[in-house]
Amino acid sequence: MNTVTLTIDGVKVTVPANYTILEAAREANVNIPTLCYLKDVNQIGACRICLVEVKGARGLQAACVSPVGDGMEVKTNTEKLRKYRRFNLELILSNHNRECTTCIRSNSCELQTLCSQLGVNDYPYDGEKSVTKVDDVGPSIVRDNSKCIVCRRCVSTCNNIQDIGAIGVSQRGFKTTIGCIYGKSLAESPCVNCGQCITACPVGALHEKENIDDVWAALNDPNKHVVVQTAPAVRATLGEEFGLPIGTSVTGKMVAALRRLGFAKVFDTDFGADLTIVEEGTELIHRLKEGGVLPMITSCSPGWVKYCETFYPEFIPNLSSCKSPHEMTGAIIKSYYAEKAGIDPKDIYVVSIMPCTAKKFEAQRPELSNNGLQDVDAVLTVRELAKMIKAAGIDFARLPDEDYDKLLGESTGAGVIFGATGGVMEAALRTVYELVTGKTLENVDLTAVRGTDGIKEAEIDLNGKTVRVAVAHGTGNASKLLDMVKNGEKQYDFIEIMGCPGGCVTGGGTPIRSATEVSYIDLKRARAKALYNEDRSKAKRKSHENAELKQLYKDFLGEFGGHKAHELLHTHYQKRDKYTFED
Amino acid sequence: MIRSHVLICAGSGCTSSKSLYVKEALEKELVRHHLEDEIKVVQTGCFGLCALGPIMIIYPEGTFYSMVTVEDVPEIVEEHLLKGRVVTRLTYKDPAKEEESGPTSLSDTLFFKKQKRVALRNCGVINPENIDEYIAMDGYTALGKVLTEMTPEQVIQVIKDSGLRGRGGGGFPTGMKWQFAANNQADQKYVVCNADEGDPGAFMDRSILEGDPHSVLEAMAIAGYAIGANEGYIYVRAEYPIAIQRLQIAIDQARKYNLLGKNIFNSGFDFDIYLRFGAGAFVCGEETALLTSIEGHRGEPRPRPPFPAVKGLFGKPTIINNVETYANIPEIINKGAEWFQAMGTEKSKGTKVFALGGKIRHTGLVEIPMGTTLREIVYEIGGGIPGGKKFKAAQTGGPSGGCIPASLIDTPVDYDTLTAIGSMMGSGGLIVMDEDNCMVDIAKFFLRFTVDESCGKCVPCRIGTRRMLEILDRITEGKGEEGDIEKLEEMGYSIKATALCGLGQTAPNPVLSTIRYFRDEYEAHIKEKRCPAHVCKALAQYSINPELCKGCSLCAKKCPVGAISGELKKTYVIDVSKCIKCGVCMEVCKFGAVEKK
């Protein structure tokens, strides 16, 4: 590797020649402040906060985009630079809705942090503010441009990472705004509700549409039997909201906290994941045997599903007809559980705690219902759950570990790893292998489909037939993969796609980490580790071994992929227009 | 046998004053007199004296008619073309000369005598829609020479030796730019022409494209040979329809003559040029924004480094030069670096085209050797200020430039002196202001332009310039506060230091330079709530001079808000608290009794 040696604030560092000054400075233990910068996503030098002095250069340089050079002398912290950084922060504040106390990002706002660190303690440049209106039409995402600082991290995420392009830059100069075409709502745009824009946003301009009040209202309603379920990735991320290190699994405390919040039953979406695996595995075997549409593509991720319906409708027949795990669990709660507990399904209120904002949209799909009742009534993100726990005064860190409730609380390691990219594929193959071959799979760790490469491939031998599989995460990578399938460049039998880069652990509903943190930490890997550890610690690691699941089929559903299972656990899809407004 | 050539300007200025109707009328009139085989009508590019258009020149005499109308045509044909008598009432009068009948020949005018036309050499001389006329003026000989006699290194050396600097505003040495791009190895390189002329009042590039498009094509091919590129793009604003039309004609003709295309001059060198149209965003004149726009994205600047010579259009090494820069190239190749070096000042060689505008008689286009003083430009070439008013300042460099006060009128104009006095050469707009101009108002005008045209990408330009404008608005509305000037300076210097591109980095210049030279005017607005030039409406005070008022009541009748009262045949008075300062009273008063302070 080519390296260069440069001096940063008097410290000599040798770094790869393709580094930026910002990256090199970190090698010299210097954190140059940044705002519009988001590693690998948005490197455009727009906010001018990371300006540095480079000896001999014409003017100041934006460290986030300036390449290093051999012998370069960089100063990052002169009086002049501190002054200019304050100046530009003060300008941003002059057009910023400064209702910080009521802001959803209070205390996790990068602008607030910078202002505090750089000593901004006045508003010297106040003037006319941009006229904005809040877009809260859709079920998942709220955009409040009065907070927007036009850093474009969301735009880059939506366009360059997710390849969706629901939002972009409109107008120019002071009137520059971020939003959908013609100022339309996200709900009328091709937005897939993945919420990656939310986790990219440094301020409070983007957040999930909160359903906390709905859930409190249900909990306070004596006529409602409120049941909660938690997705695999929630246990791997919730701890961060309480100051625990990234990658800490908090399953037991989370269950305890949910009981204390007043939920009648705490069930596990991992159970639903196991259920998904046996249904989806059965479907795959059927398609392989009967010459069904291949490659079959997973349908657990609602962001991906809407992306497919909108951008690749020709692949709708390829989508597995299985509902996603929490929808399956919801359907089972309002049928099997209702029957067992002797409760009228109408009185049951199902809450899903999800790492996901698209699940809010998914829960409202009319086809995800049974007898006129939605399978799931409310979806909360990990962040929303954390707020409820805090509001209830629950000392999360000191809670004892508790177990999920019986009936729909057991899960296998296969269900747990659903939360990471490659996890659904790995879980499915563990079951499909055994169902097809009748042999025991000895090594269940299918590492070929793990990791954070955008597209992963593997081949599995099933009784002499080679099954070709692929995994993509992030709709941008999905698009690349599908294009290759479409033009015949690649052939697969089974594809796993998750809408968010990294899968659910870095979903749009997970705790938000600052741009500085994600420059240092591989968030996808660190969070996934918690799931893979839990998988390894489980006695049962294959979905079809789940005892409660077997009981469910025996008592209620019949056989895998059978008639009743189809009625409750499967769904259908529809082609969607990118834009739903009339022009 | 052609005995006379009648040249009619078909540049944008003259076209908009109906020169094409004049041409049409003339052609009909010639047919009527059976003169069509004796007299040839040629439509040319811009002569430069746009204020006096439509312009017509009749050769071989060189008679120079100005402001010709369709109605004048029969007289010109009958008198001049049939009887050989000059129609003196239509000949141009040199304002600098007192005598009644000024020079009838264009070359005798002061306007032309002080000029040195290099980039504009063919403008107003040839028909830009006919490649043969360009070739007749030694067109494409430079390209031939380069391709058959010179190595790319030699070409670059000549350009370097000539001392040519970029005419688009930055003034970067052209030869060095070419050298950087030549040094970078790549499978594909590009030559780009920046024809996105956007400064208010500037039309140098438009006139060259309209009057001599082949000079730009030829230069781009030379540049392609020098750096190893065989594709060129001209990014021209869509608001220049005539320029676009003539460029397309020129490209088609050059392709037909194999002066563009494959194996030019049998040298094995291929080069072709494509047009791309700008949608009118000023920032797209900034080179990285221009490249981004050609690539099909929202025209926004990107940080440099990497410079275009390393990573330009579509990520490939690219040179991007302005129209006027290119127009100089064939002449430099033909006549040599020494010839070019001999013109201009120590560090600014050659000539510069300026678009004269504002309070000046000869609104139009001039090309002068670098180092010509502002006084010569204003009073000799420009014909001075109309109405006997006093010169107050000249604004150069457009919205990126600054104001030069009367005390510096003897400054020789070149890149470095202009920068030293807080202005800049820019692309060559030169707007003259007289005592009736308010400098705060001027600063506001230019700043409003950049505020409107800011792309909105970086914080200092997006928000900072807007905040400065708000302060200027306040000052001109009589709401200026102590400390405003210092705040403007503080903000201006911070924006200059931190903005992403040239637009933002220079946006505060009009404000900073007017503060520098006209601080007292700012202070008068802020402290005394007074606009010394009586321009700022909110600060104006109308009153009726009782000694002049005849009590006719006209002002009271016309006042839209009933602020004027009085008795007939006695003195009328204005109620200041009701007055909205519309100025109607002053306009209607026949006795000059209404005064503005």
# chains A, B, ... in the order shown; residues from 1 in each chain; ligands from 1

$ residues_around --residues "B:Lys160" --least-positions-apart "3" --cutoff "12 Å" --atoms "only C-alpha atoms" --output "list in words"
Glu153, Gln154, Val155, Ile156, Gln157, Gly163, Leu164, Arg165, Gly166, Phe172, Pro173, Thr174, Gly175, Met176, Lys177, Trp178, Gln179, Phe180, Ala226, Ile329, Ile332, Ile333, Gly336, Ala337, Glu338, Phe340, Gln341 and Lys349 of chain B

$ write_last_selection --atoms "N, CA and C atoms" --output "short mmCIF file (atom, residue, chain, number, x, y, z; two decimals), in the first residue's frame"
data_model
loop_
_atom_site.label_atom_id
_atom_site.label_comp_id
_atom_site.auth_asym_id
_atom_site.auth_seq_id
_atom_site.Cartn_x
_atom_site.Cartn_y
_atom_site.Cartn_z
N GLU B 153 3.91 19.23 -26.82
CA GLU B 153 4.75 19.95 -25.84
C GLU B 153 5.06 21.36 -26.35
N GLN B 154 5.34 21.43 -27.65
CA GLN B 154 5.66 22.76 -28.21
C GLN B 154 4.45 23.68 -28.14
N VAL B 155 3.27 23.13 -28.39
CA VAL B 155 2.06 23.94 -28.34
C VAL B 155 1.90 24.53 -26.93
N ILE B 156 2.04 23.63 -25.94
CA ILE B 156 1.88 24.08 -24.56
C ILE B 156 2.94 25.13 -24.22
N GLN B 157 4.15 24.91 -24.73
CA GLN B 157 5.23 25.87 -24.45
C GLN B 157 4.89 27.26 -25.00
N GLY B 163 2.14 33.97 -21.95
CA GLY B 163 1.68 34.62 -20.71
C GLY B 163 0.16 34.74 -20.64
N LEU B 164 -0.54 34.07 -21.53
CA LEU B 164 -2.02 34.14 -21.52
C LEU B 164 -2.57 33.61 -20.21
N ARG B 165 -3.47 34.39 -19.63
CA ARG B 165 -4.14 33.96 -18.40
C ARG B 165 -5.64 33.86 -18.66
N GLY B 166 -6.29 33.00 -17.87
CA GLY B 166 -7.70 32.71 -18.09
C GLY B 166 -8.56 33.97 -18.06
N PHE B 172 -5.95 32.31 -14.09
CA PHE B 172 -4.93 31.27 -13.95
C PHE B 172 -4.19 31.11 -15.28
N PRO B 173 -2.86 30.96 -15.23
CA PRO B 173 -2.10 30.82 -16.50
C PRO B 173 -2.59 29.64 -17.32
N THR B 174 -3.02 29.93 -18.54
CA THR B 174 -3.64 28.92 -19.39
C THR B 174 -2.67 27.78 -19.73
N GLY B 175 -1.44 28.14 -20.06
CA GLY B 175 -0.45 27.12 -20.44
C GLY B 175 -0.22 26.13 -19.30
N MET B 176 -0.22 26.64 -18.06
CA MET B 176 0.01 25.76 -16.92
C MET B 176 -1.14 24.78 -16.76
N LYS B 177 -2.34 25.31 -16.95
CA LYS B 177 -3.53 24.46 -16.87
C LYS B 177 -3.42 23.32 -17.88
N TRP B 178 -3.03 23.68 -19.09
CA TRP B 178 -2.90 22.66 -20.14
C TRP B 178 -1.82 21.65 -19.78
N GLN B 179 -0.74 22.18 -19.22
CA GLN B 179 0.38 21.31 -18.85
C GLN B 179 -0.06 20.24 -17.84
N PHE B 180 -0.82 20.69 -16.81
CA PHE B 180 -1.30 19.74 -15.79
C PHE B 180 -2.12 18.63 -16.43
N ALA B 226 -3.01 19.38 -27.73
CA ALA B 226 -1.97 19.66 -26.74
C ALA B 226 -2.05 18.75 -25.53
N ILE B 329 -6.27 31.98 -28.69
CA ILE B 329 -5.29 30.92 -28.97
C ILE B 329 -4.82 30.88 -30.44
N ILE B 332 -2.33 33.51 -31.16
CA ILE B 332 -1.04 33.29 -30.50
C ILE B 332 -0.22 32.27 -31.27
N ILE B 333 -0.89 31.21 -31.71
CA ILE B 333 -0.17 30.19 -32.48
C ILE B 333 0.34 30.78 -33.81
N GLY B 336 2.77 33.99 -32.77
CA GLY B 336 3.86 33.70 -31.85
C GLY B 336 3.69 34.30 -30.48
N ALA B 337 4.37 33.67 -29.50
CA ALA B 337 4.26 34.09 -28.11
C ALA B 337 4.79 35.51 -27.91
N GLU B 338 5.84 35.86 -28.65
CA GLU B 338 6.46 37.18 -28.45
C GLU B 338 5.48 38.29 -28.83
N PHE B 340 2.29 38.24 -28.66
CA PHE B 340 1.27 38.39 -27.62
C PHE B 340 1.86 39.03 -26.37
N GLN B 341 3.09 38.57 -26.04
CA GLN B 341 3.82 39.09 -24.89
C GLN B 341 4.01 40.60 -24.95
N LYS B 349 -0.66 39.72 -19.81
CA LYS B 349 -0.31 39.94 -21.21
C LYS B 349 -1.56 39.98 -22.08
#

$ residues_around --residues "A:Asn31" --least-positions-apart "6" --cutoff "12 Å" --atoms "only C-alpha atoms" --output "short mmCIF file (atom, residue, chain, number, x, y, z; two decimals) with N, CA and C atoms, in the first residue's frame"
data_model
loop_
_atom_site.label_atom_id
_atom_site.label_comp_id
_atom_site.auth_asym_id
_atom_site.auth_seq_id
_atom_site.Cartn_x
_atom_site.Cartn_y
_atom_site.Cartn_z
N ILE A 8 0.24 16.71 11.35
CA ILE A 8 -1.05 17.27 11.73
C ILE A 8 -0.93 17.84 13.13
N ASP A 9 -1.10 19.12 13.25
CA ASP A 9 -0.91 19.81 14.53
C ASP A 9 0.41 19.41 15.18
N ILE A 21 -7.66 14.11 4.81
CA ILE A 21 -7.03 14.74 5.98
C ILE A 21 -7.78 14.35 7.25
N LEU A 22 -9.10 14.26 7.16
CA LEU A 22 -9.92 13.89 8.32
C LEU A 22 -9.52 12.51 8.85
N GLU A 23 -9.38 11.58 7.92
CA GLU A 23 -9.00 10.22 8.34
C GLU A 23 -7.58 10.20 8.92
N ALA A 24 -6.72 10.96 8.29
CA ALA A 24 -5.33 11.01 8.77
C ALA A 24 -5.27 11.62 10.17
N ALA A 25 -6.11 12.64 10.39
CA ALA A 25 -6.09 13.33 11.69
C ALA A 25 -6.46 12.36 12.81
N ILE A 49 -17.48 22.98 8.43
CA ILE A 49 -17.06 22.89 9.83
C ILE A 49 -15.67 22.26 9.94
N CYS A 50 -15.36 21.34 9.04
CA CYS A 50 -14.09 20.61 9.16
C CYS A 50 -12.94 21.32 8.45
N VAL A 52 -9.63 23.12 7.56
CA VAL A 52 -8.31 23.14 8.19
C VAL A 52 -7.38 24.01 7.36
N ALA A 63 -11.48 19.12 5.46
CA ALA A 63 -10.70 17.93 5.78
C ALA A 63 -11.38 16.64 5.31
N CYS A 64 -12.72 16.65 5.26
CA CYS A 64 -13.44 15.41 4.93
C CYS A 64 -13.27 15.00 3.49
N THR A 76 -5.25 22.08 12.52
CA THR A 76 -6.69 21.84 12.63
C THR A 76 -7.36 22.68 13.71
N ASN A 77 -6.57 23.38 14.50
CA ASN A 77 -7.17 23.98 15.68
C ASN A 77 -6.58 25.36 15.98
N LEU A 114 -21.96 20.03 18.81
CA LEU A 114 -20.90 20.87 18.25
C LEU A 114 -20.95 22.28 18.83
N GLN A 117 -19.56 22.18 22.22
CA GLN A 117 -18.11 21.96 22.24
C GLN A 117 -17.32 23.16 21.73
N ALA A 515 -22.18 10.58 13.75
CA ALA A 515 -21.30 10.35 12.61
C ALA A 515 -19.89 10.02 13.08
N THR A 516 -19.47 10.66 14.18
CA THR A 516 -18.13 10.41 14.68
C THR A 516 -18.02 8.97 15.16
N GLU A 517 -19.05 8.51 15.90
CA GLU A 517 -19.01 7.13 16.39
C GLU A 517 -18.96 6.13 15.24
N SER A 519 -17.80 6.47 12.42
CA SER A 519 -16.54 6.49 11.69
C SER A 519 -15.54 5.52 12.32
N TYR A 520 -15.69 5.33 13.62
CA TYR A 520 -14.75 4.47 14.33
C TYR A 520 -15.22 3.03 14.42
#

$ select_by_dssp --residues "stretch 91-181 of chain A" --states "alpha helix (DSSP H)" --output "PDB file with N, CA and C atoms, in the first residue's frame"
ATOM      1  N   LEU A  91     -24.437  30.693  11.845  1.00  0.00           N
ATOM      2  CA  LEU A  91     -25.293  30.875  10.664  1.00  0.00           C
ATOM      3  C   LEU A  91     -26.345  29.776  10.592  1.00  0.00           C
ATOM      4  N   ILE A  92     -25.922  28.543  10.823  1.00  0.00           N
ATOM      5  CA  ILE A  92     -26.895  27.431  10.793  1.00  0.00           C
ATOM      6  C   ILE A  92     -27.986  27.674  11.831  1.00  0.00           C
ATOM      7  N   LEU A  93     -27.563  28.075  13.029  1.00  0.00           N
ATOM      8  CA  LEU A  93     -28.545  28.309  14.092  1.00  0.00           C
ATOM      9  C   LEU A  93     -29.508  29.437  13.731  1.00  0.00           C
ATOM     10  N   SER A  94     -29.037  30.369  12.912  1.00  0.00           N
ATOM     11  CA  SER A  94     -29.895  31.514  12.574  1.00  0.00           C
ATOM     12  C   SER A  94     -31.087  31.082  11.724  1.00  0.00           C
ATOM     13  N   GLU A 110     -26.279  16.281  16.814  1.00  0.00           N
ATOM     14  CA  GLU A 110     -24.877  16.592  16.520  1.00  0.00           C
ATOM     15  C   GLU A 110     -24.632  18.093  16.452  1.00  0.00           C
ATOM     16  N   LEU A 111     -25.635  18.831  16.038  1.00  0.00           N
ATOM     17  CA  LEU A 111     -25.491  20.292  15.982  1.00  0.00           C
ATOM     18  C   LEU A 111     -25.371  20.857  17.394  1.00  0.00           C
ATOM     19  N   GLN A 112     -26.245  20.363  18.268  1.00  0.00           N
ATOM     20  CA  GLN A 112     -26.229  20.790  19.664  1.00  0.00           C
ATOM     21  C   GLN A 112     -24.867  20.489  20.298  1.00  0.00           C
ATOM     22  N   THR A 113     -24.380  19.287  20.049  1.00  0.00           N
ATOM     23  CA  THR A 113     -23.095  18.878  20.612  1.00  0.00           C
ATOM     24  C   THR A 113     -21.970  19.781  20.122  1.00  0.00           C
ATOM     25  N   LEU A 114     -21.957  20.031  18.814  1.00  0.00           N
ATOM     26  CA  LEU A 114     -20.900  20.870  18.248  1.00  0.00           C
ATOM     27  C   LEU A 114     -20.949  22.277  18.832  1.00  0.00           C
ATOM     28  N   CYS A 115     -22.160  22.827  18.916  1.00  0.00           N
ATOM     29  CA  CYS A 115     -22.297  24.190  19.435  1.00  0.00           C
ATOM     30  C   CYS A 115     -21.772  24.258  20.863  1.00  0.00           C
ATOM     31  N   SER A 116     -22.078  23.221  21.610  1.00  0.00           N
ATOM     32  CA  SER A 116     -21.614  23.222  22.988  1.00  0.00           C
ATOM     33  C   SER A 116     -20.089  23.069  23.033  1.00  0.00           C
ATOM     34  N   GLN A 117     -19.561  22.181  22.217  1.00  0.00           N
ATOM     35  CA  GLN A 117     -18.110  21.962  22.236  1.00  0.00           C
ATOM     36  C   GLN A 117     -17.323  23.160  21.733  1.00  0.00           C
ATOM     37  N   ARG A 153     -27.134  14.464   4.334  1.00  0.00           N
ATOM     38  CA  ARG A 153     -26.819  13.077   4.695  1.00  0.00           C
ATOM     39  C   ARG A 153     -27.985  12.164   4.335  1.00  0.00           C
ATOM     40  N   CYS A 154     -29.207  12.646   4.535  1.00  0.00           N
ATOM     41  CA  CYS A 154     -30.376  11.831   4.179  1.00  0.00           C
ATOM     42  C   CYS A 154     -30.477  11.639   2.668  1.00  0.00           C
ATOM     43  N   VAL A 155     -30.161  12.719   1.944  1.00  0.00           N
ATOM     44  CA  VAL A 155     -30.263  12.654   0.481  1.00  0.00           C
ATOM     45  C   VAL A 155     -29.284  11.629  -0.081  1.00  0.00           C
ATOM     46  N   SER A 156     -28.057  11.681   0.429  1.00  0.00           N
ATOM     47  CA  SER A 156     -27.050  10.721  -0.021  1.00  0.00           C
ATOM     48  C   SER A 156     -27.464   9.301   0.317  1.00  0.00           C
TER      49      SER A 156
END

$ residues_around --residues "stretch 260-273 of chain B" --least-positions-apart "4" --cutoff "8 Å" --atoms "only C-alpha atoms" --output "mmCIF file with N, CA and C atoms, in the first residue's frame"
data_model
loop_
_atom_site.group_PDB
_atom_site.id
_atom_site.type_symbol
_atom_site.label_atom_id
_atom_site.label_comp_id
_atom_site.auth_asym_id
_atom_site.auth_seq_id
_atom_site.Cartn_x
_atom_site.Cartn_y
_atom_site.Cartn_z
ATOM 1 N N GLY B 144 -3.863 23.857 -38.433
ATOM 2 C CA GLY B 144 -3.039 23.161 -39.419
ATOM 3 C C GLY B 144 -1.578 23.159 -39.001
ATOM 4 N N LEU B 147 -0.985 20.817 -35.995
ATOM 5 C CA LEU B 147 -1.098 19.385 -36.287
ATOM 6 C C LEU B 147 0.015 18.888 -37.197
ATOM 7 N N THR B 148 0.552 19.776 -38.023
ATOM 8 C CA THR B 148 1.537 19.296 -38.995
ATOM 9 C C THR B 148 2.970 19.675 -38.644
ATOM 10 N N LEU B 217 -13.862 26.987 -31.816
ATOM 11 C CA LEU B 217 -13.735 25.579 -32.227
ATOM 12 C C LEU B 217 -12.291 25.236 -32.546
ATOM 13 N N ALA B 221 -9.783 22.509 -30.572
ATOM 14 C CA ALA B 221 -9.086 21.405 -31.234
ATOM 15 C C ALA B 221 -7.591 21.467 -30.942
ATOM 16 N N GLY B 224 -7.117 20.231 -27.540
ATOM 17 C CA GLY B 224 -7.264 18.778 -27.521
ATOM 18 C C GLY B 224 -5.970 18.098 -27.941
ATOM 19 N N TYR B 225 -5.378 18.633 -28.985
ATOM 20 C CA TYR B 225 -4.101 18.072 -29.455
ATOM 21 C C TYR B 225 -3.030 18.215 -28.374
ATOM 22 N N ALA B 229 -6.617 15.024 -25.860
ATOM 23 C CA ALA B 229 -8.060 14.762 -25.748
ATOM 24 C C ALA B 229 -8.658 14.767 -27.138
ATOM 25 N N ASN B 230 -9.685 13.978 -27.361
ATOM 26 C CA ASN B 230 -10.332 14.087 -28.668
ATOM 27 C C ASN B 230 -11.834 14.329 -28.574
ATOM 28 N N GLU B 231 -12.245 14.823 -27.410
ATOM 29 C CA GLU B 231 -13.640 15.182 -27.279
ATOM 30 C C GLU B 231 -13.745 16.529 -26.564
ATOM 31 N N GLY B 232 -14.618 17.365 -27.073
ATOM 32 C CA GLY B 232 -14.793 18.672 -26.445
ATOM 33 C C GLY B 232 -16.258 18.983 -26.229
ATOM 34 N N TYR B 233 -16.526 19.735 -25.181
ATOM 35 C CA TYR B 233 -17.894 20.177 -24.907
ATOM 36 C C TYR B 233 -17.920 21.691 -24.760
ATOM 37 N N ILE B 234 -18.907 22.308 -25.355
ATOM 38 C CA ILE B 234 -19.138 23.725 -25.106
ATOM 39 C C ILE B 234 -20.397 23.831 -24.264
ATOM 40 N N ILE B 251 -20.031 24.189 -36.183
ATOM 41 C CA ILE B 251 -19.597 22.806 -35.950
ATOM 42 C C ILE B 251 -19.912 21.948 -37.178
ATOM 43 N N ALA B 254 -17.510 22.865 -39.938
ATOM 44 C CA ALA B 254 -16.146 22.390 -39.659
ATOM 45 C C ALA B 254 -16.060 20.879 -39.867
ATOM 46 N N ARG B 255 -17.135 20.182 -39.480
ATOM 47 C CA ARG B 255 -17.142 18.721 -39.695
ATOM 48 C C ARG B 255 -17.115 18.414 -41.191
ATOM 49 N N LYS B 256 -17.884 19.206 -41.949
ATOM 50 C CA LYS B 256 -17.952 18.995 -43.388
ATOM 51 C C LYS B 256 -16.579 19.199 -44.040
#

$ closest_atom_pairs --of "chain A" --to "chain B" --cutoff "7 Å" --atoms "only C-alpha atoms" --output "JSON lines"
{"residue": "A:Gly45", "atom": "CA", "partner": "B:Pro303", "partner_atom": "CA", "distance": 6.6}
{"residue": "A:Ala46", "atom": "CA", "partner": "B:Cys458", "partner_atom": "CA", "distance": 4.4}
{"residue": "A:Cys47", "atom": "CA", "partner": "B:Cys458", "partner_atom": "CA", "distance": 5.4}
{"residue": "A:Arg48", "atom": "CA", "partner": "B:Thr498", "partner_atom": "CA", "distance": 6.4}
{"residue": "A:Gly59", "atom": "CA", "partner": "B:Ala497", "partner_atom": "CA", "distance": 6.7}
{"residue": "A:Leu60", "atom": "CA", "partner": "B:Thr498", "partner_atom": "CA", "distance": 6.8}
{"residue": "A:Ser66", "atom": "CA", "partner": "B:Pro305", "partner_atom": "CA", "distance": 6.6}
{"residue": "A:Tyr84", "atom": "CA", "partner": "B:Ser494", "partner_atom": "CA", "distance": 6.4}
{"residue": "A:Asn88", "atom": "CA", "partner": "B:Pro460", "partner_atom": "CA", "distance": 6.2}
{"residue": "A:Leu91", "atom": "CA", "partner": "B:Ile463", "partner_atom": "CA", "distance": 6.1}
{"residue": "A:Ile92", "atom": "CA", "partner": "B:Val459", "partner_atom": "CA", "distance": 7.0}
{"residue": "A:Tyr125", "atom": "CA", "partner": "B:Arg467", "partner_atom": "CA", "distance": 6.7}
{"residue": "A:Gly127", "atom": "CA", "partner": "B:Arg467", "partner_atom": "CA", "distance": 6.5}
{"residue": "A:Arg172", "atom": "CA", "partner": "B:Cys455", "partner_atom": "CA", "distance": 4.8}
{"residue": "A:Gly173", "atom": "CA", "partner": "B:Gly456", "partner_atom": "CA", "distance": 4.0}
{"residue": "A:Phe174", "atom": "CA", "partner": "B:Arg462", "partner_atom": "CA", "distance": 5.0}
{"residue": "A:Thr176", "atom": "CA", "partner": "B:Gly456", "partner_atom": "CA", "distance": 5.6}

$ write_last_selection --atoms "C-alpha atoms" --output "PDB file, in the first residue's frame"
ATOM      1  CA  GLY A  45     -17.450  19.327   2.039  1.00  0.00           C
ATOM      2  CA  ALA A  46     -20.650  21.354   2.351  1.00  0.00           C
ATOM      3  CA  CYS A  47     -20.942  22.419   5.990  1.00  0.00           C
ATOM      4  CA  ARG A  48     -17.451  23.948   6.193  1.00  0.00           C
ATOM      5  CA  GLY A  59      -7.457  28.975   1.106  1.00  0.00           C
ATOM      6  CA  LEU A  60      -8.792  26.642   3.761  1.00  0.00           C
ATOM      7  CA  SER A  66      -9.169  16.785   0.920  1.00  0.00           C
ATOM      8  CA  TYR A  84     -14.844  30.260  11.420  1.00  0.00           C
ATOM      9  CA  ASN A  88     -20.835  28.789  10.373  1.00  0.00           C
ATOM     10  CA  LEU A  91     -25.293  30.875  10.664  1.00  0.00           C
ATOM     11  CA  ILE A  92     -26.895  27.431  10.793  1.00  0.00           C
ATOM     12  CA  TYR A 125     -26.955  36.426  12.980  1.00  0.00           C
ATOM     13  CA  GLY A 127     -32.816  36.910  10.535  1.00  0.00           C
ATOM     14  CA  ARG A 172     -31.353  27.076  -4.387  1.00  0.00           C
ATOM     15  CA  GLY A 173     -29.647  29.573  -2.150  1.00  0.00           C
ATOM     16  CA  PHE A 174     -31.386  30.328   1.115  1.00  0.00           C
ATOM     17  CA  THR A 176     -32.719  25.298  -0.678  1.00  0.00           C
TER      18      THR A 176
END

$ residues_around --residues "stretch 339-347 of chain A" --least-positions-apart "5" --cutoff "6 Å" --atoms "only C-alpha atoms" --output "list in words"
Lys224, His225 and Lys334 of chain A

$ write_last_selection --atoms "N, CA and C atoms" --output "PDB file, in the first residue's frame"
ATOM      1  N   LYS A 224     -58.771  -3.755  27.029  1.00  0.00           N
ATOM      2  CA  LYS A 224     -57.802  -4.270  26.056  1.00  0.00           C
ATOM      3  C   LYS A 224     -56.828  -5.241  26.718  1.00  0.00           C
ATOM      4  N   HIS A 225     -56.565  -6.308  26.016  1.00  0.00           N
ATOM      5  CA  HIS A 225     -55.557  -7.267  26.442  1.00  0.00           C
ATOM      6  C   HIS A 225     -54.334  -6.993  25.566  1.00  0.00           C
ATOM      7  N   LYS A 334     -53.689 -13.572  17.646  1.00  0.00           N
ATOM      8  CA  LYS A 334     -55.125 -13.285  17.559  1.00  0.00           C
ATOM      9  C   LYS A 334     -55.962 -14.504  17.152  1.00  0.00           C
TER      10      LYS A 334
END

$ select_by_dssp --residues "stretch 310-541 of chain B" --states "strand (DSSP E or B)" --output "VMD selection string"
chain B and resid 318 to 322 344 349 351 to 358 364 to 369 373 391 to 396 402 to 405 412 429 to 434

$ residues_around --residues "stretch 84-95 of chain B" --least-positions-apart "5" --cutoff "12 Å" --atoms "only C-alpha atoms" --output "ChimeraX atom specification"
/B:3-4,49,51-69,71-79,100-113,360-362,379-388
